[in-house]
file target.csv (CSV, C-alpha atoms)
chain,number,residue,atom,x,y,z
K,1,MET,CA,13.4,-46.4,-38.5
K,2,GLN,CA,12.9,-42.9,-39.9
K,3,GLY,CA,9.1,-43.5,-39.9
K,4,LYS,CA,9.2,-44.4,-36.2
K,5,SER,CA,11.2,-41.3,-35.5
K,6,ASN,CA,8.6,-39.2,-37.3
K,7,GLU,CA,5.8,-40.9,-35.4
K,8,ASN,CA,7.5,-40.1,-32.0
K,9,SER,CA,8.0,-36.5,-33.1
K,10,SER,CA,4.4,-36.2,-34.1
K,11,ASN,CA,3.2,-37.7,-30.8
K,12,PHE,CA,5.4,-35.3,-28.8
K,13,LYS,CA,4.1,-32.3,-30.8
K,14,GLY,CA,0.5,-33.5,-30.2
K,15,PHE,CA,1.3,-33.8,-26.4
K,16,ILE,CA,2.7,-30.2,-26.3
K,17,GLN,CA,-0.3,-28.9,-28.3
K,18,GLU,CA,-2.7,-30.6,-25.9
K,19,ILE,CA,-0.9,-28.9,-22.9
K,20,LEU,CA,-0.9,-25.5,-24.5
K,21,ALA,CA,-4.6,-25.9,-25.4
K,22,ALA,CA,-5.6,-26.5,-21.8
K,23,ARG,CA,-8.0,-24.1,-20.2
K,24,GLY,CA,-6.1,-21.2,-18.6
K,25,MET,CA,-2.7,-22.2,-20.0
K,26,GLY,CA,-2.2,-18.9,-21.8
K,27,GLN,CA,-2.3,-16.9,-18.5
K,28,VAL,CA,-0.1,-19.5,-16.8
K,29,ILE,CA,2.6,-19.0,-19.4
K,30,SER,CA,2.2,-15.2,-19.1
K,31,VAL,CA,2.5,-15.2,-15.3
K,32,THR,CA,5.4,-17.6,-15.3
K,33,CYS,CA,7.3,-15.2,-17.5
K,34,ALA,CA,6.3,-12.3,-15.2
K,35,LEU,CA,7.6,-14.3,-12.2
K,36,ILE,CA,10.9,-14.9,-13.9
K,37,VAL,CA,11.3,-11.2,-14.7
K,38,MET,CA,10.3,-10.2,-11.1
K,39,VAL,CA,12.9,-12.6,-9.6
K,40,ILE,CA,15.6,-11.1,-11.9
K,41,ILE,CA,14.7,-7.5,-11.0
K,42,PHE,CA,14.6,-8.1,-7.3
K,43,GLY,CA,17.9,-10.0,-7.5
K,44,ILE,CA,19.5,-7.0,-9.2
K,45,ILE,CA,18.0,-4.6,-6.7
K,46,ASN,CA,19.3,-6.6,-3.7
K,47,PRO,CA,21.5,-9.7,-4.4
K,48,ARG,CA,20.6,-11.0,-0.9
K,49,PHE,CA,17.1,-11.7,-2.4
K,50,LEU,CA,18.7,-14.7,-4.2
K,51,SER,CA,20.6,-16.0,-1.1
K,52,LYS,CA,19.9,-19.6,0.1
K,53,ASP,CA,18.6,-18.3,3.4
K,54,ASN,CA,16.1,-16.0,1.7
K,55,ILE,CA,15.0,-18.7,-0.7
K,56,ASP,CA,14.3,-21.0,2.2
K,57,ASN,CA,12.3,-18.3,3.9
K,58,LEU,CA,10.4,-17.6,0.7
K,59,LEU,CA,9.5,-21.3,0.3
K,60,ARG,CA,8.2,-21.4,3.9
K,61,GLN,CA,6.1,-18.3,3.3
K,62,VAL,CA,4.6,-19.6,0.0
K,63,ALA,CA,3.8,-23.2,1.1
K,64,PRO,CA,0.8,-22.4,3.3
K,65,ILE,CA,-0.6,-20.0,0.7
K,66,LEU,CA,-0.2,-22.6,-2.0
K,67,ILE,CA,-1.9,-25.3,0.1
K,68,ILE,CA,-4.9,-23.1,0.9
K,69,GLY,CA,-4.9,-21.7,-2.6
K,70,ILE,CA,-5.4,-25.2,-4.1
K,71,GLY,CA,-8.6,-25.5,-2.2
K,72,GLN,CA,-9.8,-22.0,-3.2
K,73,SER,CA,-8.9,-22.8,-6.8
K,74,TYR,CA,-11.2,-25.8,-6.8
K,75,VAL,CA,-14.1,-23.7,-5.5
K,76,LEU,CA,-13.4,-20.9,-7.9
K,77,ILE,CA,-13.4,-23.3,-10.9
K,78,THR,CA,-17.0,-24.3,-9.9
K,79,GLY,CA,-17.9,-20.6,-10.0
K,80,GLY,CA,-18.0,-20.2,-6.2
K,81,ILE,CA,-15.8,-18.7,-3.5
K,82,ASP,CA,-14.9,-19.9,0.0
K,83,LEU,CA,-14.5,-17.1,2.5
K,84,SER,CA,-14.3,-19.5,5.5
K,85,ILE,CA,-10.9,-21.1,4.9
K,86,GLY,CA,-8.9,-18.5,6.8
K,87,SER,CA,-11.1,-19.0,9.9
K,88,VAL,CA,-11.0,-22.8,9.4
K,89,ALA,CA,-7.2,-22.6,9.4
K,90,GLY,CA,-7.4,-20.6,12.7
K,91,MET,CA,-9.9,-23.2,14.1
K,92,SER,CA,-7.5,-26.0,13.1
K,93,CYS,CA,-4.6,-24.2,14.9
K,94,MET,CA,-6.6,-23.7,18.1
K,95,VAL,CA,-8.2,-27.2,18.2
K,96,SER,CA,-4.9,-28.9,17.6
K,97,ALA,CA,-3.1,-26.8,20.2
K,98,THR,CA,-5.8,-27.4,22.9
K,99,LEU,CA,-5.9,-31.2,22.2
K,100,MET,CA,-2.1,-31.4,22.4
K,101,ILE,CA,-2.2,-29.8,25.8
K,102,LYS,CA,-5.0,-32.0,27.1
K,103,GLY,CA,-3.0,-35.0,26.0
K,104,ASN,CA,-0.1,-33.9,28.1
K,105,ILE,CA,-2.4,-33.5,31.1
K,106,PHE,CA,-3.8,-37.0,30.8
K,107,GLY,CA,-0.4,-38.6,30.0
K,108,PHE,CA,-1.1,-40.1,26.6
K,109,PRO,CA,1.9,-41.5,24.7
K,110,GLN,CA,3.1,-38.5,22.6
K,111,GLY,CA,3.5,-40.2,19.2
K,112,ALA,CA,0.0,-41.8,19.3
K,113,TRP,CA,-1.5,-38.6,20.6
K,114,VAL,CA,0.0,-36.5,17.7
K,115,ILE,CA,-1.6,-38.8,15.2
K,116,LEU,CA,-5.0,-38.8,17.0
K,117,VAL,CA,-4.9,-35.0,17.4
K,118,THR,CA,-4.2,-34.6,13.7
K,119,ILE,CA,-7.1,-36.8,12.7
K,120,LEU,CA,-9.5,-35.2,15.1
K,121,THR,CA,-8.5,-31.7,14.0
K,122,ILE,CA,-8.9,-32.5,10.3
K,123,LEU,CA,-12.3,-34.1,10.8
K,124,SER,CA,-13.6,-31.1,12.8
K,125,CYS,CA,-12.6,-28.8,10.0
K,126,ILE,CA,-14.0,-31.0,7.3
K,127,CYS,CA,-17.4,-30.6,9.1
K,128,ILE,CA,-17.2,-26.9,8.2
K,129,GLY,CA,-16.6,-27.8,4.6
K,130,PHE,CA,-19.5,-30.3,4.6
K,131,ILE,CA,-21.8,-27.5,5.9
K,132,ASN,CA,-20.6,-25.2,3.2
K,133,GLY,CA,-21.2,-27.8,0.6
K,134,ILE,CA,-24.7,-28.5,1.7
K,135,LEU,CA,-25.6,-24.8,2.0
K,136,VAL,CA,-24.3,-24.0,-1.5
K,137,SER,CA,-25.2,-27.2,-3.4
K,138,LYS,CA,-28.4,-28.3,-1.7
K,139,ALA,CA,-29.9,-25.2,-0.1
K,140,LYS,CA,-28.8,-23.0,-3.0
K,141,LEU,CA,-27.4,-20.3,-0.9
K,142,PRO,CA,-24.9,-17.9,-2.6
K,143,ALA,CA,-21.4,-19.2,-1.9
K,144,PHE,CA,-20.4,-15.7,-0.6
K,145,ILE,CA,-23.2,-15.7,2.0
K,146,ALA,CA,-22.8,-19.3,3.1
K,147,THR,CA,-19.1,-19.2,3.6
K,148,LEU,CA,-19.3,-15.7,5.2
K,149,GLY,CA,-21.5,-17.3,7.8
K,150,THR,CA,-19.3,-20.3,8.4
K,151,MET,CA,-16.2,-18.0,8.5
K,152,ILE,CA,-17.7,-16.3,11.6
K,153,ILE,CA,-18.8,-19.7,13.1
K,154,ALA,CA,-15.3,-21.2,12.6
K,155,ARG,CA,-13.6,-18.2,14.2
K,156,GLY,CA,-16.1,-18.4,17.1
K,157,ILE,CA,-15.3,-22.1,17.6
K,158,ALA,CA,-11.6,-21.3,17.6
K,159,GLN,CA,-12.2,-18.8,20.4
K,160,LEU,CA,-14.5,-21.1,22.4
K,161,VAL,CA,-12.2,-24.2,22.3
K,162,ASN,CA,-10.0,-23.0,25.1
K,163,GLY,CA,-11.6,-19.9,26.5
K,164,LYS,CA,-9.6,-17.5,24.4
K,165,ASN,CA,-6.3,-18.5,26.0
K,166,THR,CA,-3.1,-18.7,24.1
K,167,ASP,CA,-1.5,-22.1,24.8
K,168,SER,CA,2.0,-23.3,24.0
K,169,ILE,CA,2.7,-26.9,23.1
K,170,SER,CA,5.8,-28.9,24.1
K,171,SER,CA,5.5,-31.7,21.5
K,172,ASN,CA,8.7,-31.7,19.4
K,173,GLY,CA,7.3,-34.6,17.4
K,174,PHE,CA,4.4,-32.5,16.2
K,175,ARG,CA,6.5,-29.5,15.3
K,176,GLN,CA,9.1,-31.7,13.6
K,177,PHE,CA,6.5,-33.3,11.4
K,178,PHE,CA,4.5,-30.2,10.4
K,179,TYR,CA,7.2,-27.6,10.4
K,180,TYR,CA,10.9,-28.4,10.8
K,181,GLY,CA,11.0,-31.4,8.5
K,182,LYS,CA,14.2,-33.2,7.3
K,183,ALA,CA,16.8,-33.2,4.6
K,184,GLY,CA,17.4,-29.4,5.0
K,185,ILE,CA,13.9,-28.6,3.6
K,186,PHE,CA,11.1,-27.4,5.9
K,187,ALA,CA,8.1,-29.7,6.2
K,188,PRO,CA,5.5,-27.2,4.8
K,189,VAL,CA,7.4,-27.3,1.5
K,190,TRP,CA,7.2,-31.1,1.3
K,191,ILE,CA,3.5,-31.1,2.4
K,192,ALA,CA,2.6,-28.5,-0.2
K,193,LEU,CA,4.4,-30.5,-3.0
K,194,ILE,CA,2.6,-33.7,-2.1
K,195,LEU,CA,-0.8,-32.0,-1.9
K,196,PHE,CA,-0.2,-30.3,-5.2
K,197,ILE,CA,0.6,-33.5,-6.9
K,198,VAL,CA,-2.4,-35.3,-5.4
K,199,PHE,CA,-5.0,-32.5,-6.1
K,200,ALA,CA,-3.6,-31.7,-9.6
K,201,PHE,CA,-4.0,-35.4,-10.5
K,202,ILE,CA,-7.6,-35.3,-9.1
K,203,LEU,CA,-8.4,-32.2,-11.1
K,204,SER,CA,-6.8,-33.3,-14.4
K,205,ALA,CA,-7.3,-37.0,-14.5
K,206,THR,CA,-10.4,-38.1,-12.6
K,207,LYS,CA,-14.2,-37.9,-12.8
K,208,THR,CA,-14.2,-35.5,-9.9
K,209,GLY,CA,-12.0,-33.1,-11.8
K,210,ARG,CA,-14.1,-33.3,-14.9
K,211,HIS,CA,-17.3,-32.7,-12.9
K,212,THR,CA,-15.6,-29.7,-11.2
K,213,TYR,CA,-14.9,-28.0,-14.5
K,214,ALA,CA,-18.3,-29.0,-15.9
K,215,ILE,CA,-20.2,-27.3,-13.1
K,216,GLY,CA,-18.2,-24.1,-13.5
K,217,SER,CA,-18.6,-24.1,-17.3
K,218,ASN,CA,-22.3,-24.7,-17.4
K,219,TYR,CA,-24.2,-25.8,-14.3
K,220,GLU,CA,-27.4,-26.7,-16.1
K,221,ALA,CA,-25.7,-28.6,-18.9
K,222,ALA,CA,-23.6,-30.6,-16.4
K,223,LYS,CA,-26.8,-31.5,-14.5
K,224,LEU,CA,-28.6,-32.6,-17.7
K,225,SER,CA,-25.6,-34.7,-18.8
K,226,GLY,CA,-25.9,-36.8,-15.7
K,227,VAL,CA,-23.4,-35.2,-13.3
K,228,ASN,CA,-24.5,-35.4,-9.6
K,229,VAL,CA,-24.1,-31.6,-9.2
K,230,ILE,CA,-24.9,-31.6,-5.5
K,231,VAL,CA,-22.2,-34.2,-4.6
K,232,ALA,CA,-19.7,-32.7,-7.0
K,233,GLU,CA,-20.1,-29.1,-5.7
K,234,ALA,CA,-20.1,-30.2,-2.1
K,235,LYS,CA,-16.8,-32.1,-2.7
K,236,VAL,CA,-14.9,-28.9,-3.5
K,237,TYR,CA,-15.9,-27.2,-0.3
K,238,ILE,CA,-14.8,-30.3,1.7
K,239,PHE,CA,-11.5,-30.3,-0.2
K,240,SER,CA,-11.1,-26.6,0.6
K,241,SER,CA,-11.7,-27.1,4.4
K,242,PHE,CA,-9.4,-30.1,4.5
K,243,LEU,CA,-6.5,-28.1,3.0
K,244,ALA,CA,-7.2,-25.2,5.3
K,245,SER,CA,-7.0,-27.6,8.3
K,246,ILE,CA,-3.5,-28.7,7.1
K,247,VAL,CA,-2.5,-25.0,7.0
K,248,GLY,CA,-3.8,-24.6,10.5
K,249,LEU,CA,-1.6,-27.5,11.7
K,250,ILE,CA,1.4,-26.0,10.0
K,251,LEU,CA,0.7,-22.6,11.6
K,252,MET,CA,0.4,-24.2,15.0
K,253,ALA,CA,3.6,-26.2,14.6
K,254,GLN,CA,5.4,-23.1,13.3
K,255,SER,CA,4.5,-20.9,16.3
K,256,GLY,CA,4.4,-23.7,18.8
K,257,MET,CA,1.1,-22.4,20.1
K,258,GLY,CA,-2.6,-21.8,19.3
K,259,THR,CA,-3.4,-18.1,18.7
K,260,MET,CA,-6.7,-16.3,18.1
K,261,ASP,CA,-5.7,-14.6,14.9
K,262,SER,CA,-4.1,-17.6,13.1
K,263,GLY,CA,-5.2,-17.7,9.5
K,264,THR,CA,-6.6,-14.2,9.4
K,265,GLY,CA,-6.6,-12.9,5.8
K,266,TYR,CA,-5.5,-16.3,4.4
K,267,GLU,CA,-8.8,-16.6,2.4
K,268,LEU,CA,-7.9,-13.4,0.5
K,269,ASN,CA,-4.3,-14.5,-0.1
K,270,ALA,CA,-5.7,-17.8,-1.5
K,271,VAL,CA,-8.0,-15.9,-3.9
K,272,ALA,CA,-5.0,-13.7,-4.9
K,273,ALA,CA,-2.8,-16.7,-5.6
K,274,SER,CA,-5.5,-18.5,-7.6
K,275,VAL,CA,-6.6,-15.5,-9.6
K,276,ILE,CA,-3.1,-14.3,-10.4
K,277,GLY,CA,-2.4,-17.8,-11.6
K,278,GLY,CA,-5.2,-17.8,-14.1
K,279,VAL,CA,-8.0,-19.5,-12.2
K,280,SER,CA,-11.2,-17.7,-13.5
K,281,THR,CA,-13.6,-16.1,-11.1
K,282,MET,CA,-16.3,-16.9,-13.7
K,283,GLY,CA,-15.7,-20.6,-13.2
K,284,GLY,CA,-14.9,-23.5,-15.6
K,285,GLN,CA,-11.2,-22.5,-16.1
K,286,GLY,CA,-7.9,-22.7,-14.3
K,287,LEU,CA,-4.9,-25.0,-13.7
K,288,LEU,CA,-3.4,-25.8,-10.3
K,289,PHE,CA,0.1,-25.1,-11.8
K,290,GLY,CA,-1.1,-21.6,-12.3
K,291,THR,CA,-2.0,-21.4,-8.6
K,292,VAL,CA,1.6,-22.5,-7.8
K,293,ILE,CA,2.9,-19.6,-9.9
K,294,GLY,CA,0.4,-17.2,-8.4
K,295,SER,CA,1.5,-18.2,-4.9
K,296,PHE,CA,5.1,-17.5,-5.8
K,297,ILE,CA,4.2,-14.2,-7.4
K,298,TRP,CA,2.4,-13.3,-4.1
K,299,GLY,CA,5.5,-14.4,-2.1
K,300,VAL,CA,8.1,-12.8,-4.4
K,301,LEU,CA,6.2,-9.5,-4.4
K,302,ASN,CA,6.0,-9.5,-0.6
K,303,ASN,CA,9.5,-10.7,0.0
K,304,GLY,CA,11.2,-8.7,-2.8
K,305,LEU,CA,9.5,-5.4,-2.0
K,306,GLN,CA,10.5,-5.9,1.6
K,307,PHE,CA,14.1,-6.3,0.5
K,308,ALA,CA,13.7,-3.2,-1.6
K,309,GLY,CA,12.7,-1.3,1.5
K,310,ALA,CA,9.0,-0.9,0.6
K,311,PRO,CA,6.6,-0.5,3.6
K,312,LEU,CA,3.8,-3.0,4.2
K,313,ALA,CA,1.1,-0.6,2.9
K,314,LEU,CA,2.9,-0.3,-0.5
K,315,ARG,CA,3.3,-4.1,-0.7
K,316,ASN,CA,-0.4,-4.6,-0.1
K,317,LEU,CA,-1.3,-1.9,-2.6
K,318,VAL,CA,0.9,-3.6,-5.3
K,319,ILE,CA,-0.6,-7.1,-4.7
K,320,GLY,CA,-4.1,-5.6,-4.8
K,321,VAL,CA,-3.4,-3.9,-8.1
K,322,VAL,CA,-2.0,-7.2,-9.5
K,323,VAL,CA,-5.1,-9.1,-8.5
K,324,ILE,CA,-7.5,-6.6,-10.1
K,325,ILE,CA,-5.4,-6.6,-13.3
K,326,SER,CA,-5.5,-10.4,-13.3
K,327,VAL,CA,-9.3,-10.5,-13.0
K,328,LEU,CA,-9.7,-7.8,-15.8
K,329,ILE,CA,-7.5,-9.8,-18.1
K,330,ASP,CA,-9.6,-12.9,-17.4
K,331,ARG,CA,-12.9,-11.0,-18.1
K,332,VAL,CA,-11.6,-9.5,-21.3
K,333,ALA,CA,-10.1,-12.8,-22.5
K,334,ARG,CA,-13.5,-14.5,-22.0
K,335,GLY,CA,-15.4,-11.8,-23.9
K,336,ASN,CA,-17.3,-10.2,-21.1
K,337,LYS,CA,-19.9,-7.8,-22.5
K,338,ALA,CA,-19.1,-5.3,-19.9
K,339,PHE,CA,-15.8,-4.6,-21.7
K,340,SER,CA,-17.2,-4.5,-25.2
K,341,LYS,CA,-16.6,-1.5,-27.4
K,342,GLU,CA,-20.3,-1.0,-27.9
K,343,ASN,CA,-21.0,-1.0,-24.2
K,344,PHE,CA,-18.4,1.7,-23.6
K,345,LYS,CA,-19.8,3.8,-26.5
K,346,PHE,CA,-23.3,3.4,-25.1
K,347,SER,CA,-22.2,4.4,-21.6
K,348,PHE,CA,-20.4,7.4,-22.9
K,349,LYS,CA,-23.4,8.7,-24.9
K,350,ASN,CA,-25.7,8.2,-21.9
K,351,SER,CA,-23.3,10.1,-19.6
K,352,LYS,CA,-23.3,13.0,-22.1
K,353,LYS,CA,-27.1,13.2,-22.2
K,354,ALA,CA,-27.2,13.1,-18.4
call {"tool": "encode", "arguments": {"input": "target.csv", "output": "structure tokens"}}
result
Amino acid sequence: MQGKSNENSSNFKGFIQEILAARGMGQVISVTCALIVMVIIFGIINPRFLSKDNIDNLLRQVAPILIIGIGQSYVLITGGIDLSIGSVAGMSCMVSATLMIKGNIFGFPQGAWVILVTILTILSCICIGFINGILVSKAKLPAFIATLGTMIIARGIAQLVNGKNTDSISSNGFRQFFYYGKAGIFAPVWIALILFIVFAFILSATKTGRHTYAIGSNYEAAKLSGVNVIVAEAKVYIFSSFLASIVGLILMAQSGMGTMDSGTGYELNAVAASVIGGVSTMGGQGLLFGTVIGSFIWGVLNNGLQFAGAPLALRNLVIGVVVIISVLIDRVARGNKAFSKENFKFSFKNSKKA
């Protein structure tokens, strides 16, 4: 009996050690501690910060950033970046709003039309992800350039879909499913939770996830080991656009209309959430749980500083500084030569000679 107990204890220790050894877990633990400290500080500054109403509001703010951050995390792990996702979310918002209104004009049954609109919207956005994937993986364009181009294209599509009009929808079913939800919790929170579970499983327990890490760690080695790098790299951009399309549907349901500026800046918020959570901009490292924590740090900073009376400019400044520090920590932790002692000495000597 004692031997069995020792064996179980050994297995549990091995499981914990395996978790702690995961790539990026060190920064995840650090930012989790930082998040707890921030919540305590903001709660002391203004007790209303910890009220149920504000927590509900905070969860609603964080959910879309988490969803779009999951897609950006996948791309960053491969060593790329997706600048198009904010515009894809805006395109999703406008396409879905326009289709909902057309359905009302032609008299389609509302329930069936909501499902069809959702499918058509998601498929149209996935096309942008497919284009990104082909341009980056097959045509070998830099991810920054490829997704910058599709960012402009997606925003143009959003503007052309209904002639730059702002249309309101009347479908309570659509808004109920994508925003208001049930059981006292808003739908975006449930959607974010489900998507996190699905994509965390894909990244940690499937061949797709292993290939994603392999490409970011060493592209040539992954290719030589038999990984279909073109397919594996294209997948992450498709995932990213799919998740951005869900965010667009949420934004449309939240406002009840399609607006031209929906999703603006979300690509940068997604990068911030991912990087703060320990996803490396150098590729090959990161955990989606870190993206969850990074999203909450983004949300808590925004919300907490607002309760503390800080202006928007100061909130943006603080978040920007946090992102830069997070990237610096990642670079130093991974032994970037730019931060080596010898490099700083060399630079200092050269500057004196000059």
call {"tool": "atom_distance", "arguments": {"input": "target.csv", "atom1": "atom CA of Thr147 of chain K", "atom2": "atom CA of Ile81 of chain K"}}
result
7.8 Å
call {"tool": "residues_near_point", "arguments": {"input": "target.csv", "point": "(11.2, -9.6, -5.5)", "cutoff": "6 Å", "atoms": "all atoms listed in the file", "output": "ChimeraX atom specification"}}
result
/K:38-39,42,300-301,303-305
call {"tool": "write_last_selection", "arguments": {"input": "target.csv", "atoms": "C-alpha atoms", "output": "PDB file, in the coordinates of the input"}}
result
ATOM      1  CA  MET K  38      10.300 -10.200 -11.100  1.00  0.00           C
ATOM      2  CA  VAL K  39      12.900 -12.600  -9.600  1.00  0.00           C
ATOM      3  CA  PHE K  42      14.600  -8.100  -7.300  1.00  0.00           C
ATOM      4  CA  VAL K 300       8.100 -12.800  -4.400  1.00  0.00           C
ATOM      5  CA  LEU K 301       6.200  -9.500  -4.400  1.00  0.00           C
ATOM      6  CA  ASN K 303       9.500 -10.700   0.000  1.00  0.00           C
ATOM      7  CA  GLY K 304      11.200  -8.700  -2.800  1.00  0.00           C
ATOM      8  CA  LEU K 305       9.500  -5.400  -2.000  1.00  0.00           C
TER       9      LEU K 305
END
call {"tool": "residues_near_point", "arguments": {"input": "target.csv", "point": "(-13.0, -31.2, 17.5)", "cutoff": "8 Å", "atoms": "all atoms listed in the file", "output": "JSON, numbers by chain"}}
result
{"K": [95, 120, 121, 123, 124, 125]}
call {"tool": "residues_around", "arguments": {"input": "target.csv", "residues": "Met94 of chain K", "least_positions_apart": "6", "cutoff": "8 Å", "atoms": "all atoms listed in the file", "output": "ChimeraX atom specification"}}
result
/K:158-159,161-162,252,258-260
call {"tool": "residues_around", "arguments": {"input": "target.csv", "residues": "segment 322-327 of chain K", "least_positions_apart": "6", "cutoff": "9 Å", "atoms": "only C-alpha atoms", "output": "PyMOL selection string"}}
result
chain K and resi 27+271-273+275-278+280-281
call {"tool": "closest_atom_pairs", "arguments": {"input": "target.csv", "of": "segment 145-245 of chain K", "to": "segment 128-137 of chain K", "cutoff": "9 Å", "atoms": "all atoms listed in the file", "output": "tab-separated table"}}
result
residue	atom	partner	partner_atom	distance
K:Ala146	CA	K:Leu135	CA	6.3
K:Thr147	CA	K:Asn132	CA	6.2
K:Thr150	CA	K:Ile128	CA	6.9
K:Met151	CA	K:Ile128	CA	9.0
K:Ile153	CA	K:Ile128	CA	8.9
K:Ala154	CA	K:Ile128	CA	7.4
K:Val229	CA	K:Ser137	CA	7.4
K:Ile230	CA	K:Ser137	CA	4.9
K:Val231	CA	K:Ser137	CA	7.7
K:Ala232	CA	K:Ser137	CA	8.6
K:Glu233	CA	K:Ser137	CA	5.9
K:Ala234	CA	K:Gly133	CA	3.8
K:Lys235	CA	K:Gly133	CA	7.0
K:Val236	CA	K:Gly133	CA	7.6
K:Tyr237	CA	K:Gly129	CA	5.0
K:Ile238	CA	K:Gly129	CA	4.2
K:Phe239	CA	K:Gly129	CA	7.4
K:Ser240	CA	K:Gly129	CA	6.9
K:Ser241	CA	K:Gly129	CA	5.0
K:Phe242	CA	K:Gly129	CA	7.6
call {"tool": "closest_residue", "arguments": {"input": "target.csv", "among": "K:Phe199, K:Ser295, K:Ile115, K:Leu83", "to": "Ile145 of chain K", "atoms": "only C-alpha atoms"}}
result
K:Leu83
call {"tool": "closest_residue", "arguments": {"input": "target.csv", "among": "K:Ile293, K:Val88, K:Val198, K:Val321", "to": "Asp261 of chain K", "atoms": "only C-alpha atoms"}}
result
K:Val88
call {"tool": "closest_residue", "arguments": {"input": "target.csv", "among": "K:Ile250, K:Ile319, K:Ala333, K:Ile77", "to": "Ala89 of chain K", "atoms": "only C-alpha atoms"}}
result
K:Ile250
call {"tool": "residues_around", "arguments": {"input": "target.csv", "residues": "segment 176-184 of chain K", "least_positions_apart": "5", "cutoff": "8 Å", "atoms": "all atoms listed in the file", "output": "count of residues only"}}
result
4
call {"tool": "atom_distance", "arguments": {"input": "target.csv", "atom1": "atom CA of Gly149 of chain K", "atom2": "atom CA of Thr78 of chain K"}}
result
19.6 Å
call {"tool": "atom_distance", "arguments": {"input": "target.csv", "atom1": "atom CA of Asn269 of chain K", "atom2": "atom CA of Leu251 of chain K"}}
result
15.1 Å
call {"tool": "closest_residue", "arguments": {"input": "target.csv", "among": "K:Ile191, K:Ser84, K:His211, K:Gly90", "to": "Ser225 of chain K", "atoms": "all atoms listed in the file"}}
result
K:His211
call {"tool": "closest_residue", "arguments": {"input": "target.csv", "among": "K:Phe201, K:Val62, K:Ser262, K:Ile41", "to": "Thr291 of chain K", "atoms": "only C-alpha atoms"}}
result
K:Val62
call {"tool": "closest_residue", "arguments": {"input": "target.csv", "among": "K:Phe289, K:Tyr74, K:Leu243, K:Gly309", "to": "Thr208 of chain K", "atoms": "all atoms listed in the file"}}
result
K:Tyr74
call {"tool": "build_atoms", "arguments": {"input": "target.csv", "residues": "segment 136-150 of chain K", "atoms": "N, CA and C atoms", "output": "mmCIF file, keeping the file's coordinate frame"}}
result
data_model
loop_
_atom_site.group_PDB
_atom_site.id
_atom_site.type_symbol
_atom_site.label_atom_id
_atom_site.label_comp_id
_atom_site.auth_asym_id
_atom_site.auth_seq_id
_atom_site.Cartn_x
_atom_site.Cartn_y
_atom_site.Cartn_z
ATOM 1 N N VAL K 136 -24.463 -24.534 -0.095
ATOM 2 C CA VAL K 136 -24.300 -24.000 -1.500
ATOM 3 C C VAL K 136 -24.993 -24.933 -2.476
ATOM 4 N N SER K 137 -24.737 -26.250 -2.378
ATOM 5 C CA SER K 137 -25.200 -27.200 -3.400
ATOM 6 C C SER K 137 -26.669 -27.595 -3.220
ATOM 7 N N LYS K 138 -27.079 -27.808 -1.969
ATOM 8 C CA LYS K 138 -28.400 -28.300 -1.700
ATOM 9 C C LYS K 138 -29.404 -27.182 -1.374
ATOM 10 N N ALA K 139 -29.000 -26.290 -0.445
ATOM 11 C CA ALA K 139 -29.900 -25.200 -0.100
ATOM 12 C C ALA K 139 -29.839 -24.026 -1.042
ATOM 13 N N LYS K 140 -28.882 -24.059 -1.974
ATOM 14 C CA LYS K 140 -28.800 -23.000 -3.000
ATOM 15 C C LYS K 140 -28.486 -21.637 -2.498
ATOM 16 N N LEU K 141 -27.798 -21.561 -1.345
ATOM 17 C CA LEU K 141 -27.400 -20.300 -0.900
ATOM 18 C C LEU K 141 -26.209 -19.756 -1.709
ATOM 19 N N PRO K 142 -26.104 -18.462 -1.946
ATOM 20 C CA PRO K 142 -24.900 -17.900 -2.600
ATOM 21 C C PRO K 142 -23.665 -18.310 -1.840
ATOM 22 N N ALA K 143 -22.619 -18.731 -2.543
ATOM 23 C CA ALA K 143 -21.400 -19.200 -1.900
ATOM 24 C C ALA K 143 -20.826 -18.078 -0.974
ATOM 25 N N PHE K 144 -20.926 -16.841 -1.427
ATOM 26 C CA PHE K 144 -20.400 -15.700 -0.600
ATOM 27 C C PHE K 144 -21.080 -15.638 0.718
ATOM 28 N N ILE K 145 -22.411 -15.769 0.745
ATOM 29 C CA ILE K 145 -23.200 -15.700 2.000
ATOM 30 C C ILE K 145 -22.936 -16.875 2.887
ATOM 31 N N ALA K 146 -23.004 -18.075 2.301
ATOM 32 C CA ALA K 146 -22.800 -19.300 3.100
ATOM 33 C C ALA K 146 -21.484 -19.357 3.768
ATOM 34 N N THR K 147 -20.441 -19.074 3.014
ATOM 35 C CA THR K 147 -19.100 -19.200 3.600
ATOM 36 C C THR K 147 -18.740 -17.987 4.462
ATOM 37 N N LEU K 148 -19.429 -16.861 4.266
ATOM 38 C CA LEU K 148 -19.300 -15.700 5.200
ATOM 39 C C LEU K 148 -19.793 -16.120 6.566
ATOM 40 N N GLY K 149 -20.945 -16.811 6.579
ATOM 41 C CA GLY K 149 -21.500 -17.300 7.800
ATOM 42 C C GLY K 149 -20.621 -18.288 8.544
ATOM 43 N N THR K 150 -20.132 -19.280 7.796
ATOM 44 C CA THR K 150 -19.300 -20.300 8.400
ATOM 45 C C THR K 150 -17.901 -19.737 8.770
#
